[in-house]
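Beneath this line is the structure, given in structure tokens, with notes to follow.
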Amino acid sequence: MLIVSSAIFLAVIDIFVVNVALPAIQKGLHGTNGELQLVIAIYLLGYSCLLITGGRLGDYYGRKKVFIAGMLLFTVSSCFCGLAQSTGQLNVARFFQGITAAIMTPQGVSYIQVLFPKEKERMKAIGVYGIIAGSASVIGQFLGGLLPDTHFAVEGWRLIFFINVPVGIVAVIFAGLFLKETPRNTSLKFDYQGVLLLTPALFCLVFPVIQGRELGWPAWSVAMLLAAAPLFYLFYIHQRNKLVGGKEPLINMRLFHYKDFRIGLWASLFYFLVQESYFLITGVFFQNGLGIPSYTTGSYFVFQGIGYVMASILSVKLIPLFGKKVLVAGVVIMICAFVLHILFLDNPQAGPFAFVAILLLYGIGCGAVLPSLLAFSLKGIPHEFAGAASGSYYTAQQSAIAMGAGIVGGVFFCFTGDNPSLQDYVTAYRAAAILSIAMLVIVIGFLVILPDSHTSTTRKVREAETMA
């Protein structure tokens, strides 16, 4: 269980460790604000584009081989991230790091089905897996603050990538010794054309949103944005034709015939535009705006993780009693956290207690929403579509997180300018927070119209999640 969970641990930690360390990376590599946003977004782009294919690679070639290969390549790409001499080199390495994370991570979920065939044991294993993923987010934020302030043979921020190396090597060795190979299913066919259409479509949507703003919207950035729409349309036509022809598409378009899935997916898209971008703008504001050291910032963010873990455990018990009201309450709490941030922006001397309390509150809101949002989106999906629905959901989720870094982060950096003062940072954070609040209000609107038949489907949804 520890071996297969190492994949999700490293994949999640590399999202959160970077959030807090971004100001240190920017100073170390003299990067621009747009390049700073790409450090987050480019990893998620690689991750989201190959997530579905990564799961099928394990079925086709054997999960042990693919797990070891993915972990090894992830370790190597982490080395290149740590050795990068420019933000361009770092972002190329981050893209491949995201791709390799998408190869190794699905094998861990699939292995749980093999290692724990009994339903009761499997549910416990899924719980442990989720705890490890949640712990990775907390540890990542703490290390993202701690390591940049560490004086070592290399710059401290490089250690956030090098720290993956010993974990990856140990995981590869123990996987080779103790994991059993799973049977191959060579009847599956990969939708390479779908991947080759989806990847440039996402890239044309995200890259110009981040870089175009900073460069004054040159012609190439506008052209890329205009090209995104026909690329997405070609992807849709290609997937639909494969389905009509009896072939397995990358994303099964029949999923969108189900109202629960459509509404849940829209709610998730707007939710994830906000959730992770919060760490980007708050981390930069704390360090560059208020001058709070990275170590202290990382310590503050730990309380967000504590709030998340507490609320996620409680929400699992409350959902069967109150249904989607728990999710709505969680989004309202997140909005309250943003409002409190805005109120305290003009009084940065309020002290660490205020920041800790607000971050804890935001974590509680996230914990009430995130664990059950997937369940509500999949509750109307037939059992045979569970895997495809889950893969499509997570692809959309990671893409939305990348877009959030571009949109919300773009609004934030638009107001900071070249040599920002504290007031510039206050104005930037206020604008980004207001945009985030507006998106969360839209999430509430989708949750309100989402059918709430939780009592009769809780068990079925949990089985579907486990299978996915």
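In the structure tokens, each chain is lettered A, B, ... as it comes, each chain's residues begin at 1, and ligands are numbered from 1 in order of appearance.
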Picked from range 193-378 of chain A by DSSP as alpha helix (DSSP H), as a PyMOL selection string
chain A and resi 193-214+219-244+259-284+294-322+325-345+352-378
Shell of 8 Å around Arg94 in chain A, only C-alpha atoms, local chain residues under 6 positions omitted, as a PyMOL selection string | chain A and resi 39+42-43+77-78+81
Grab the residues selected above and save them as a tab-separated table (two decimals), in the first residue's frame with N, CA, C and O atoms.
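Produced file out-v4.tsv, reproduced below:
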chain	number	residue	atom	x	y	z
A	39	VAL	N	4.98	27.71	-14.33
A	39	VAL	CA	5.60	26.66	-13.52
A	39	VAL	C	4.51	25.76	-12.92
A	39	VAL	O	4.69	24.55	-12.80
A	42	ILE	N	1.98	24.45	-16.50
A	42	ILE	CA	2.54	23.53	-17.49
A	42	ILE	C	2.60	22.11	-16.93
A	42	ILE	O	2.43	21.13	-17.66
A	43	TYR	N	2.85	21.99	-15.64
A	43	TYR	CA	2.85	20.66	-14.99
A	43	TYR	C	1.45	20.04	-15.07
A	43	TYR	O	1.30	18.87	-15.39
A	77	SER	N	12.92	13.54	-14.38
A	77	SER	CA	12.43	14.88	-14.73
A	77	SER	C	12.50	15.82	-13.54
A	77	SER	O	12.72	17.03	-13.71
A	78	SER	N	12.35	15.29	-12.32
A	78	SER	CA	12.51	16.12	-11.11
A	78	SER	C	13.95	16.61	-11.00
A	78	SER	O	14.19	17.76	-10.59
A	81	CYS	N	14.35	19.46	-13.29
A	81	CYS	CA	13.73	20.66	-12.71
A	81	CYS	C	14.70	21.34	-11.75
A	81	CYS	O	14.86	22.56	-11.77
Margin query: Please compute the CA of Ile381 in chain A-CA of Lys325 in chain A distance, one decimal, in Å.
Written below: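 Here the two named atoms are 21.1 Å from each other.
Take the candidates A:Ala101, A:Met403, A:Ile333, A:Ile437 and check each one against Leu202 in chain A using only C-alpha atoms; the shortest distance goes to A:Met403.
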List every residue of range 169-285 of chain A that has an atom at most 10 Å from any atom of range 358-378 of chain A, giving for each one its closest atom pair and the distance in Å to one decimal, counting only C-alpha atoms, sorted by chain and then by ascending residue number, as JSON lines.
{"residue": "A:Leu255", "atom": "CA", "partner": "A:Leu378", "partner_atom": "CA", "distance": 9.6}
{"residue": "A:Tyr258", "atom": "CA", "partner": "A:Leu378", "partner_atom": "CA", "distance": 9.2}
{"residue": "A:Lys259", "atom": "CA", "partner": "A:Ser377", "partner_atom": "CA", "distance": 9.0}
{"residue": "A:Asp260", "atom": "CA", "partner": "A:Ser377", "partner_atom": "CA", "distance": 5.5}
{"residue": "A:Phe261", "atom": "CA", "partner": "A:Ser377", "partner_atom": "CA", "distance": 4.6}
{"residue": "A:Arg262", "atom": "CA", "partner": "A:Ser377", "partner_atom": "CA", "distance": 7.6}
{"residue": "A:Ile263", "atom": "CA", "partner": "A:Ser377", "partner_atom": "CA", "distance": 7.4}
{"residue": "A:Gly264", "atom": "CA", "partner": "A:Ser377", "partner_atom": "CA", "distance": 4.4}
{"residue": "A:Leu265", "atom": "CA", "partner": "A:Ser377", "partner_atom": "CA", "distance": 6.5}
{"residue": "A:Trp266", "atom": "CA", "partner": "A:Ser377", "partner_atom": "CA", "distance": 9.5}
{"residue": "A:Ala267", "atom": "CA", "partner": "A:Leu373", "partner_atom": "CA", "distance": 8.5}
{"residue": "A:Ser268", "atom": "CA", "partner": "A:Leu373", "partner_atom": "CA", "distance": 7.1}
{"residue": "A:Tyr271", "atom": "CA", "partner": "A:Leu370", "partner_atom": "CA", "distance": 9.1}
{"residue": "A:Phe272", "atom": "CA", "partner": "A:Leu370", "partner_atom": "CA", "distance": 9.5}
{"residue": "A:Gln275", "atom": "CA", "partner": "A:Cys366", "partner_atom": "CA", "distance": 7.7}
{"residue": "A:Tyr278", "atom": "CA", "partner": "A:Tyr362", "partner_atom": "CA", "distance": 9.6}
{"residue": "A:Thr282", "atom": "CA", "partner": "A:Leu359", "partner_atom": "CA", "distance": 9.8}
Those same residues - N, CA, C and O atoms - I'd like them written as a JSON list (two decimals), in the first residue's frame.
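Result written to result-v8.json:
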[["chain", "number", "residue", "atom", "x", "y", "z"],
["A", 255, "LEU", "N", -21.21, 10.29, -21.97],
["A", 255, "LEU", "CA", -21.27, 10.73, -20.57],
["A", 255, "LEU", "C", -22.04, 12.04, -20.43],
["A", 255, "LEU", "O", -22.71, 12.28, -19.41],
["A", 258, "TYR", "N", -25.86, 12.56, -19.50],
["A", 258, "TYR", "CA", -26.36, 12.45, -18.13],
["A", 258, "TYR", "C", -26.30, 13.82, -17.45],
["A", 258, "TYR", "O", -25.24, 14.44, -17.34],
["A", 259, "LYS", "N", -27.46, 14.26, -17.00],
["A", 259, "LYS", "CA", -27.59, 15.61, -16.42],
["A", 259, "LYS", "C", -26.68, 15.80, -15.21],
["A", 259, "LYS", "O", -26.03, 16.84, -15.07],
["A", 260, "ASP", "N", -26.64, 14.81, -14.31],
["A", 260, "ASP", "CA", -25.81, 14.92, -13.11],
["A", 260, "ASP", "C", -24.35, 15.19, -13.48],
["A", 260, "ASP", "O", -23.68, 16.03, -12.87],
["A", 261, "PHE", "N", -23.87, 14.45, -14.48],
["A", 261, "PHE", "CA", -22.47, 14.58, -14.87],
["A", 261, "PHE", "C", -22.21, 15.95, -15.49],
["A", 261, "PHE", "O", -21.20, 16.59, -15.18],
["A", 262, "ARG", "N", -23.09, 16.41, -16.35],
["A", 262, "ARG", "CA", -22.91, 17.71, -17.00],
["A", 262, "ARG", "C", -22.86, 18.84, -15.97],
["A", 262, "ARG", "O", -21.94, 19.66, -15.97],
["A", 263, "ILE", "N", -23.86, 18.85, -15.10],
["A", 263, "ILE", "CA", -23.93, 19.93, -14.10],
["A", 263, "ILE", "C", -22.77, 19.83, -13.12],
["A", 263, "ILE", "O", -22.14, 20.83, -12.77],
["A", 264, "GLY", "N", -22.49, 18.60, -12.67],
["A", 264, "GLY", "CA", -21.38, 18.40, -11.74],
["A", 264, "GLY", "C", -20.05, 18.81, -12.33],
["A", 264, "GLY", "O", -19.20, 19.38, -11.65],
["A", 265, "LEU", "N", -19.88, 18.55, -13.65],
["A", 265, "LEU", "CA", -18.63, 18.91, -14.31],
["A", 265, "LEU", "C", -18.48, 20.43, -14.40],
["A", 265, "LEU", "O", -17.39, 20.97, -14.16],
["A", 266, "TRP", "N", -19.57, 21.13, -14.72],
["A", 266, "TRP", "CA", -19.52, 22.59, -14.77],
["A", 266, "TRP", "C", -19.21, 23.17, -13.39],
["A", 266, "TRP", "O", -18.40, 24.10, -13.27],
["A", 267, "ALA", "N", -19.84, 22.62, -12.37],
["A", 267, "ALA", "CA", -19.57, 23.07, -11.00],
["A", 267, "ALA", "C", -18.10, 22.85, -10.65],
["A", 267, "ALA", "O", -17.44, 23.72, -10.05],
["A", 268, "SER", "N", -17.57, 21.70, -11.04],
["A", 268, "SER", "CA", -16.18, 21.36, -10.74],
["A", 268, "SER", "C", -15.22, 22.29, -11.48],
["A", 268, "SER", "O", -14.19, 22.70, -10.92],
["A", 271, "TYR", "N", -15.15, 25.55, -9.73],
["A", 271, "TYR", "CA", -14.56, 25.37, -8.40],
["A", 271, "TYR", "C", -13.04, 25.27, -8.48],
["A", 271, "TYR", "O", -12.32, 25.92, -7.71],
["A", 272, "PHE", "N", -12.53, 24.49, -9.42],
["A", 272, "PHE", "CA", -11.09, 24.29, -9.51],
["A", 272, "PHE", "C", -10.37, 25.46, -10.17],
["A", 272, "PHE", "O", -9.15, 25.57, -10.05],
["A", 275, "GLN", "N", -9.79, 27.06, -6.54],
["A", 275, "GLN", "CA", -9.17, 26.45, -5.37],
["A", 275, "GLN", "C", -7.65, 26.55, -5.36],
["A", 275, "GLN", "O", -7.05, 27.02, -4.39],
["A", 278, "TYR", "N", -5.83, 30.09, -5.48],
["A", 278, "TYR", "CA", -5.79, 30.73, -4.17],
["A", 278, "TYR", "C", -4.39, 30.64, -3.56],
["A", 278, "TYR", "O", -3.88, 31.61, -2.98],
["A", 282, "THR", "N", -2.10, 33.95, -2.83],
["A", 282, "THR", "CA", -1.89, 34.17, -1.41],
["A", 282, "THR", "C", -0.42, 34.01, -1.05],
["A", 282, "THR", "O", 0.14, 34.79, -0.26]]
inquiry  = Using only C-alpha atoms, which protein or nucleic acid residues come within 8 Å of range 182-185 of chain A? Drop anything in the same chain fewer than 5 positions from it, and give the result as a PyMOL selection string.
reply    = chain A and resi 58-64
